[in-house]
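Engineer: Below are the structure tokens for one structure; questions will follow.
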Amino acid sequence: MSTLTCDIVTPAKRLFTEECYMVVVPGKEGEMGFLPGHAQLMSTLADGVVRVLSDASTVAHTYALQGGYVQVTGEKVIILADRAQSVEDINLDEVQTRIADLTSRIEAESDEACRDLLEVDLGWYRVLEHAAA
């Protein structure tokens, strides 16, 4: 069985590198799946979950991500995410506490620029909440 390499990278560090059977990413127009030999592609990503499959029916790894790009070069899938975290590492109670805190802070914030930044953080924690559910 032929494989492809999947790399998941954030501005802070490389989170994941592994050989796999298939990678499924959240695209702006819907999910996209990549197998070995896929045509070259570069696309923006939507917030959501990346699934890395070790074979046709086994999801070996899942990562929540916020924003970024995917580049496919036939035998390699590179995911450049603004934020990413392994779904296994998500603490749902902590995430829900952060959502409540950010929601309160957004409601109390009068500065539009600060509110926009808080909204981005809130969006991230909602992605984590959805991924962990």
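Ordered as shown in the structure tokens, chains take letters A, B, and onward, while each chain numbers its residues from 1 and ligands are numbered from 1 in the order shown.
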Against region 50-55 of chain A, which residues of region 71-130 of chain A fall within 10 Å? For each one I want the closest pair of atoms and the distance in Å (one decimal), counting only C-alpha atoms, rows by chain and increasing residue number, as JSON lines.

Structural biologist:
```
{"residue": "A:Ile79", "atom": "CA", "partner": "A:Val50", "partner_atom": "CA", "distance": 9.2}
{"residue": "A:Ala84", "atom": "CA", "partner": "A:Val50", "partner_atom": "CA", "distance": 9.4}
{"residue": "A:Ser86", "atom": "CA", "partner": "A:Val50", "partner_atom": "CA", "distance": 9.4}
{"residue": "A:Val87", "atom": "CA", "partner": "A:Val50", "partner_atom": "CA", "distance": 9.5}
```

Engineer: Produce a table with one row for each residue of region 40-111 of chain A that has an atom at most 9 Å from any atom of region 122-131 of chain A, each row naming the nearest atom pair and its distance in Å at one decimal; use only C-alpha atoms; arrange rows by chain and rising residue number; format as JSON lines.

Structural biologist:
```
{"residue": "A:Asp47", "atom": "CA", "partner": "A:Val127", "partner_atom": "CA", "distance": 6.7}
{"residue": "A:Gly48", "atom": "CA", "partner": "A:Val127", "partner_atom": "CA", "distance": 6.1}
{"residue": "A:Val49", "atom": "CA", "partner": "A:Ala131", "partner_atom": "CA", "distance": 6.5}
{"residue": "A:Thr62", "atom": "CA", "partner": "A:Ala131", "partner_atom": "CA", "distance": 8.7}
{"residue": "A:Tyr63", "atom": "CA", "partner": "A:Ala131", "partner_atom": "CA", "distance": 8.2}
{"residue": "A:Ala64", "atom": "CA", "partner": "A:Leu128", "partner_atom": "CA", "distance": 6.2}
{"residue": "A:Leu65", "atom": "CA", "partner": "A:Val127", "partner_atom": "CA", "distance": 7.3}
{"residue": "A:Gln66", "atom": "CA", "partner": "A:Trp124", "partner_atom": "CA", "distance": 6.2}
{"residue": "A:Arg83", "atom": "CA", "partner": "A:Trp124", "partner_atom": "CA", "distance": 8.0}
{"residue": "A:Gln85", "atom": "CA", "partner": "A:Leu128", "partner_atom": "CA", "distance": 8.2}
{"residue": "A:Val87", "atom": "CA", "partner": "A:Ala131", "partner_atom": "CA", "distance": 6.4}
{"residue": "A:Ile90", "atom": "CA", "partner": "A:Leu128", "partner_atom": "CA", "distance": 6.9}
{"residue": "A:Asn91", "atom": "CA", "partner": "A:Leu128", "partner_atom": "CA", "distance": 8.9}
{"residue": "A:Leu92", "atom": "CA", "partner": "A:Glu129", "partner_atom": "CA", "distance": 6.3}
{"residue": "A:Val95", "atom": "CA", "partner": "A:Tyr125", "partner_atom": "CA", "distance": 6.0}
{"residue": "A:Gln96", "atom": "CA", "partner": "A:Glu129", "partner_atom": "CA", "distance": 7.1}
{"residue": "A:Arg98", "atom": "CA", "partner": "A:Tyr125", "partner_atom": "CA", "distance": 7.2}
{"residue": "A:Ile99", "atom": "CA", "partner": "A:Leu122", "partner_atom": "CA", "distance": 6.1}
{"residue": "A:Leu102", "atom": "CA", "partner": "A:Leu122", "partner_atom": "CA", "distance": 6.1}
{"residue": "A:Thr103", "atom": "CA", "partner": "A:Leu122", "partner_atom": "CA", "distance": 7.3}
```

Engineer: Would you pick out the contacts of Ile78 (chain A) at 12 Å or less, using only C-alpha atoms, so that residues sharing its chain but fewer than 4 positions from it are not included, and give the list as an NGL selection string?

Structural biologist: :A and (4-10 or 14-19 or 23-25 or 34 or 40-45 or 50 or 68-74)

Engineer: Distance CA of Gly67 (chain A)-CA of Leu80 (chain A), one decimal place?

Structural biologist: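 That distance, rounded to one decimal, is 8.5 Å.
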
Engineer: DSSP on the backbone: what in chain A comes out helix (DSSP H, G or I), as a PyMOL selection string?

Structural biologist: chain A and resi 87-89+92-108+112-132

Engineer: Include N, CA and C atoms and write out the residues we just selected as a tab-separated table (two decimals), in the first residue's frame.

Structural biologist:
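Result saved to result.tsv:
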```tsv
chain	number	residue	atom	x	y	z
A	87	VAL	N	-7.01	16.43	19.28
A	87	VAL	CA	-8.31	16.27	19.92
A	87	VAL	C	-8.16	15.50	21.23
A	88	GLU	N	-7.23	14.57	21.29
A	88	GLU	CA	-6.98	13.80	22.52
A	88	GLU	C	-6.59	14.69	23.70
A	89	ASP	N	-5.98	15.84	23.42
A	89	ASP	CA	-5.48	16.71	24.47
A	89	ASP	C	-6.49	17.78	24.92
A	92	LEU	N	-12.49	19.29	27.88
A	92	LEU	CA	-13.77	19.91	27.58
A	92	LEU	C	-14.24	20.85	28.68
A	93	ASP	N	-14.03	20.50	29.94
A	93	ASP	CA	-14.43	21.38	31.04
A	93	ASP	C	-13.69	22.71	30.98
A	94	GLU	N	-12.40	22.64	30.71
A	94	GLU	CA	-11.58	23.84	30.60
A	94	GLU	C	-12.03	24.70	29.42
A	95	VAL	N	-12.33	24.05	28.31
A	95	VAL	CA	-12.78	24.76	27.10
A	95	VAL	C	-14.10	25.48	27.38
A	96	GLN	N	-15.04	24.81	28.02
A	96	GLN	CA	-16.33	25.42	28.31
A	96	GLN	C	-16.20	26.59	29.29
A	97	THR	N	-15.28	26.49	30.23
A	97	THR	CA	-15.01	27.60	31.14
A	97	THR	C	-14.47	28.80	30.36
A	98	ARG	N	-13.56	28.54	29.44
A	98	ARG	CA	-12.99	29.63	28.61
A	98	ARG	C	-14.05	30.27	27.73
A	99	ILE	N	-14.97	29.46	27.19
A	99	ILE	CA	-16.06	30.00	26.36
A	99	ILE	C	-16.92	30.95	27.18
A	100	ALA	N	-17.29	30.54	28.39
A	100	ALA	CA	-18.10	31.39	29.26
A	100	ALA	C	-17.37	32.69	29.59
A	101	ASP	N	-16.08	32.58	29.90
A	101	ASP	CA	-15.28	33.76	30.24
A	101	ASP	C	-15.18	34.71	29.05
A	102	LEU	N	-14.88	34.18	27.88
A	102	LEU	CA	-14.74	35.02	26.69
A	102	LEU	C	-16.06	35.67	26.30
A	103	THR	N	-17.16	34.94	26.44
A	103	THR	CA	-18.47	35.50	26.13
A	103	THR	C	-18.76	36.70	27.03
A	104	SER	N	-18.47	36.57	28.31
A	104	SER	CA	-18.66	37.68	29.26
A	104	SER	C	-17.77	38.87	28.91
A	105	ARG	N	-16.53	38.58	28.57
A	105	ARG	CA	-15.59	39.65	28.24
A	105	ARG	C	-16.01	40.39	26.96
A	106	ILE	N	-16.52	39.65	25.99
A	106	ILE	CA	-16.96	40.26	24.74
A	106	ILE	C	-18.15	41.20	25.00
A	107	GLU	N	-19.08	40.74	25.81
A	107	GLU	CA	-20.26	41.55	26.13
A	107	GLU	C	-19.88	42.83	26.87
A	108	ALA	N	-18.84	42.78	27.68
A	108	ALA	CA	-18.42	43.94	28.47
A	108	ALA	C	-17.45	44.86	27.73
A	112	GLU	N	-13.91	48.11	19.87
A	112	GLU	CA	-14.24	47.18	18.78
A	112	GLU	C	-13.07	46.28	18.40
A	113	ALA	N	-11.86	46.82	18.36
A	113	ALA	CA	-10.69	46.01	18.01
A	113	ALA	C	-10.45	44.92	19.05
A	114	CYS	N	-10.57	45.25	20.32
A	114	CYS	CA	-10.41	44.25	21.38
A	114	CYS	C	-11.50	43.19	21.29
A	115	ARG	N	-12.71	43.63	21.02
A	115	ARG	CA	-13.83	42.70	20.89
A	115	ARG	C	-13.58	41.73	19.73
A	116	ASP	N	-13.05	42.24	18.61
A	116	ASP	CA	-12.75	41.39	17.46
A	116	ASP	C	-11.72	40.31	17.82
A	117	LEU	N	-10.68	40.69	18.56
A	117	LEU	CA	-9.67	39.72	18.98
A	117	LEU	C	-10.26	38.66	19.91
A	118	LEU	N	-11.13	39.11	20.82
A	118	LEU	CA	-11.79	38.15	21.71
A	118	LEU	C	-12.69	37.20	20.93
A	119	GLU	N	-13.33	37.71	19.88
A	119	GLU	CA	-14.20	36.87	19.03
A	119	GLU	C	-13.39	35.77	18.34
A	120	VAL	N	-12.16	36.11	17.91
A	120	VAL	CA	-11.30	35.10	17.28
A	120	VAL	C	-10.97	34.01	18.29
A	121	ASP	N	-10.63	34.40	19.51
A	121	ASP	CA	-10.35	33.41	20.56
A	121	ASP	C	-11.58	32.58	20.87
A	122	LEU	N	-12.74	33.21	20.94
A	122	LEU	CA	-13.97	32.48	21.19
A	122	LEU	C	-14.23	31.47	20.08
A	123	GLY	N	-13.98	31.86	18.85
A	123	GLY	CA	-14.13	30.93	17.73
A	123	GLY	C	-13.24	29.70	17.88
A	124	TRP	N	-12.01	29.91	18.35
A	124	TRP	CA	-11.08	28.80	18.57
A	124	TRP	C	-11.63	27.84	19.62
A	125	TYR	N	-12.11	28.38	20.72
A	125	TYR	CA	-12.62	27.51	21.78
A	125	TYR	C	-13.91	26.79	21.36
A	126	ARG	N	-14.68	27.39	20.47
A	126	ARG	CA	-15.86	26.70	19.94
A	126	ARG	C	-15.45	25.54	19.03
A	127	VAL	N	-14.37	25.72	18.27
A	127	VAL	CA	-13.83	24.62	17.46
A	127	VAL	C	-13.40	23.48	18.37
A	128	LEU	N	-12.68	23.81	19.43
A	128	LEU	CA	-12.23	22.78	20.38
A	128	LEU	C	-13.42	22.07	21.02
A	129	GLU	N	-14.45	22.83	21.40
A	129	GLU	CA	-15.64	22.24	22.01
A	129	GLU	C	-16.32	21.26	21.05
A	130	HIS	N	-16.46	21.69	19.80
A	130	HIS	CA	-17.10	20.83	18.80
A	130	HIS	C	-16.27	19.57	18.55
A	131	ALA	N	-14.95	19.74	18.47
A	131	ALA	CA	-14.08	18.59	18.20
A	131	ALA	C	-14.11	17.57	19.33
A	132	ALA	N	-14.21	18.05	20.56
A	132	ALA	CA	-14.17	17.17	21.73
A	132	ALA	C	-15.52	16.50	22.02
```

Engineer: So that I can check the secondary structure, give me every residue of region 51-87 of chain A assigned strand (DSSP E or B) by backbone DSSP, as a count of residues only.

Structural biologist: 31

Engineer: Residues at most 6 Å from Ala46 (chain A), counting only C-alpha atoms, excluding those fewer than 6 positions away in the same chain, as JSON, numbers by chain?

Structural biologist: {"A": [26, 27, 28, 67]}

Engineer: Have a look at A:Ala60, A:Asp82, A:Val77, A:Ala39 and name the one nearest to Pro11 (chain A); count only C-alpha atoms.

Structural biologist: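 Ranked by minimum distance to Pro11 (chain A), first place goes to A:Asp82.
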